[in-house]
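Below you'll find the structure, written out as structure tokens, and then a few comments.
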Amino acid sequence: MTTATFDRTTESAPKQGEFTRCGRHYQPNVDIVETLDELMVLAEMPGVEPNGIDVDFENGSLTISGRVAPRQGAETEYLLQEYGVGDFHRTFRVSERIDAAGINAEYRGGVLTLHLPKVEAVKARKIAVRST
Amino acid sequence: MRRGNGLFPVRLRDEMDRVFGDFWGPALRVAPFVVSGRGGFPALNVWEDERNLYAEAEVPGLGMEDLEVFVVGNELTIKGERKDVENEGSAYHRRERGVGAFCRVIQLPIEVNADQVEANLKDGVLAIRLPKAESVLPRKIPVTG
């Protein structure tokens, strides 16, 4: 919970569909940074299994999800429990025009870093001003 | 977030927590005066088995050099800093990850052997194993007869 907020949309069926796996789902905290060349998304998803990350970009919708294996047994009795462990999901509508083939992703230290390069045509270009 | 069933005392405590603890918002504050309970970042899960106490915290984006974990007497301290990354010529669409220094101290309910505490950091999960002190381990007493 420290790195994510409990996803209330799983409590009522969301428009995009329910998750097939039961259990808690969380939305990872993200930083989204736009530079001249790309959009960078940093999502906090600690404890995700090595092959458990999915990044999907379709029709301007970016979906990131991470599968998290439970770290303690279900019968563990906690003396203190301030956060829950569960899968991560989050979807964004991306208004920039992104070159989908150039997207790359890296997962390190519990943070998923995505680089979404902008399509050439929309990159900001400095326009030289001629004075006569 | 755990909530009571809406009874007044639990809501009041949550309100007080919200005033005095800045939980995992955009700024992580050092809160040295909060010794136990919800004291800010990182959130902790603590459980035990017969021989050990275990504590776990989620600290994504932090490396071993950013963290300090130590046990003094009955207190476990986790402190560190997530440095801000300067991005020249860029604009933030969203900024949800916390930045800054943090320090969390909790009172352990059982005496532990501070020399044998082990901490492990993997994929943003800090797992700490605190072996219980000899004096608190159950000792079987043989019955003679």
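Residue numbering restarts at 1 for every chain of the structure tokens, chains are lettered A, B, ... in their displayed order, and ligands are numbered from 1 as they appear.
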
Closest-contact table, chain B side, partner chain A, 8 Å, counting only C-alpha atoms, as CSV:
```
residue,atom,partner,partner_atom,distance
B:Met1,CA,A:Met1,CA,7.3
B:Arg2,CA,A:Glu82,CA,7.9
B:Phe23,CA,A:Thr2,CA,7.7
B:Trp24,CA,A:Thr2,CA,5.7
B:Arg38,CA,A:Glu82,CA,7.7
B:Phe41,CA,A:Thr2,CA,7.1
B:Pro42,CA,A:Thr2,CA,6.5
B:Ala43,CA,A:Glu82,CA,5.5
B:Leu44,CA,A:Glu82,CA,5.5
B:Asn45,CA,A:Gln81,CA,4.4
B:Val46,CA,A:Leu80,CA,4.9
B:Trp47,CA,A:Tyr78,CA,4.5
B:Glu48,CA,A:Tyr78,CA,7.4
B:Glu58,CA,A:Pro46,CA,6.5
B:Val59,CA,A:Pro46,CA,7.4
B:Pro60,CA,A:Gly110,CA,4.6
B:Gly61,CA,A:Gly109,CA,5.4
B:Leu62,CA,A:Gly109,CA,6.7
B:Gly63,CA,A:Gly109,CA,7.0
B:Gly89,CA,A:Thr35,CA,6.4
B:Ser90,CA,A:Thr35,CA,4.5
B:Ala91,CA,A:Glu34,CA,5.2
B:Tyr92,CA,A:Val33,CA,4.4
B:His93,CA,A:Ile32,CA,5.2
B:Arg94,CA,A:Ile32,CA,4.9
B:Arg95,CA,A:Asp31,CA,4.5
B:Glu96,CA,A:Val30,CA,5.4
B:Arg97,CA,A:Asn29,CA,5.8
B:Lys122,CA,A:Gly109,CA,6.7
B:Asp123,CA,A:Gly110,CA,4.2
B:Gly124,CA,A:Gly110,CA,4.2
B:Val125,CA,A:Pro46,CA,6.0
```

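Comparing the minimum interatomic distances between Ser135 in chain B and each of B:Val117, B:Leu76, B:Val99, B:Ile110, counting only C-alpha atoms, we find that B:Ile110 sits nearest.
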
Within 8 Å of range 56-65 of chain A, counting only C-alpha atoms, which residues show up once you throw out same-chain ones fewer than 3 positions away? Write them as a list of chain:residue names, please. A:Gly52, A:Ile53, A:Asp87, A:Phe88, A:His89, A:Arg90, A:Thr91, A:Phe92, A:Arg93, A:Val94, A:Ser95, A:Arg97, A:Ile98, A:Ala100

Generate a file of the selected residues that holds N, CA and C atoms, formatted as a PDB file, in the first residue's frame.
```pdb
ATOM      1  N   GLY A  52       6.632 -11.748 -15.048  1.00  0.00           N
ATOM      2  CA  GLY A  52       5.262 -11.375 -14.706  1.00  0.00           C
ATOM      3  C   GLY A  52       4.860  -9.980 -15.139  1.00  0.00           C
ATOM      4  N   ILE A  53       5.711  -9.309 -15.937  1.00  0.00           N
ATOM      5  CA  ILE A  53       5.376  -7.942 -16.326  1.00  0.00           C
ATOM      6  C   ILE A  53       4.819  -7.928 -17.746  1.00  0.00           C
ATOM      7  N   ASP A  87      -1.350  -8.190  -7.217  1.00  0.00           N
ATOM      8  CA  ASP A  87      -0.941  -7.831  -8.578  1.00  0.00           C
ATOM      9  C   ASP A  87      -1.110  -6.336  -8.817  1.00  0.00           C
ATOM     10  N   PHE A  88      -0.327  -5.848  -9.767  1.00  0.00           N
ATOM     11  CA  PHE A  88      -0.417  -4.435 -10.141  1.00  0.00           C
ATOM     12  C   PHE A  88      -1.035  -4.287 -11.516  1.00  0.00           C
ATOM     13  N   HIS A  89      -1.884  -3.268 -11.659  1.00  0.00           N
ATOM     14  CA  HIS A  89      -2.441  -2.947 -12.979  1.00  0.00           C
ATOM     15  C   HIS A  89      -2.657  -1.449 -13.062  1.00  0.00           C
ATOM     16  N   ARG A  90      -2.392  -0.907 -14.248  1.00  0.00           N
ATOM     17  CA  ARG A  90      -2.780   0.494 -14.449  1.00  0.00           C
ATOM     18  C   ARG A  90      -2.834   0.757 -15.937  1.00  0.00           C
ATOM     19  N   THR A  91      -3.818   1.558 -16.327  1.00  0.00           N
ATOM     20  CA  THR A  91      -3.983   1.869 -17.754  1.00  0.00           C
ATOM     21  C   THR A  91      -4.008   3.372 -17.940  1.00  0.00           C
ATOM     22  N   PHE A  92      -3.338   3.834 -18.956  1.00  0.00           N
ATOM     23  CA  PHE A  92      -3.330   5.267 -19.267  1.00  0.00           C
ATOM     24  C   PHE A  92      -3.728   5.487 -20.706  1.00  0.00           C
ATOM     25  N   ARG A  93      -4.427   6.594 -20.912  1.00  0.00           N
ATOM     26  CA  ARG A  93      -4.653   7.023 -22.283  1.00  0.00           C
ATOM     27  C   ARG A  93      -3.515   7.965 -22.621  1.00  0.00           C
ATOM     28  N   VAL A  94      -2.816   7.652 -23.680  1.00  0.00           N
ATOM     29  CA  VAL A  94      -1.664   8.468 -24.034  1.00  0.00           C
ATOM     30  C   VAL A  94      -2.040   9.368 -25.196  1.00  0.00           C
ATOM     31  N   SER A  95      -1.960  10.670 -24.975  1.00  0.00           N
ATOM     32  CA  SER A  95      -2.395  11.579 -26.036  1.00  0.00           C
ATOM     33  C   SER A  95      -1.283  11.842 -27.055  1.00  0.00           C
ATOM     34  N   ARG A  97       1.576  11.011 -29.803  1.00  0.00           N
ATOM     35  CA  ARG A  97       1.678   9.967 -30.816  1.00  0.00           C
ATOM     36  C   ARG A  97       2.988   9.230 -30.587  1.00  0.00           C
ATOM     37  N   ILE A  98       2.841   7.962 -30.283  1.00  0.00           N
ATOM     38  CA  ILE A  98       3.991   7.171 -29.870  1.00  0.00           C
ATOM     39  C   ILE A  98       4.366   6.172 -30.957  1.00  0.00           C
ATOM     40  N   ALA A 100       5.127   2.869 -31.462  1.00  0.00           N
ATOM     41  CA  ALA A 100       4.951   1.668 -30.631  1.00  0.00           C
ATOM     42  C   ALA A 100       6.104   0.683 -30.778  1.00  0.00           C
TER      43      ALA A 100
END
```

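What separates CA of Asp84 in chain B from CA of Gly100 in chain B is a distance of 7.1 Å.
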
Test item: residues at most 9 Å from Glu134 in chain B, only C-alpha atoms, excluding those fewer than 2 positions along its chain, as a list in words: Glu111, Val112, Asn113, Pro131, Lys132, Val136, Leu137 and Pro138 of chain B

Got a sec to tell me which of range 3-117 of chain A DSSP assigns to strand (DSSP E), as a VMD selection string? chain A and resid 4 to 6 25 to 28 30 to 34 38 to 44 48 to 58 61 to 68 78 to 81 87 to 93 104 to 108 111 to 117

Selection: 10 Å around Phe70 in chain B, only C-alpha atoms, excl. self and same-chain fewer than 5 positions, as a PyMOL selection string: chain B and resi 75-79+105+114-115+117-119

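The two atoms in question, CA of Arg21 in chain A and CA of Ala105 in chain A, are spaced 24.4 Å apart.
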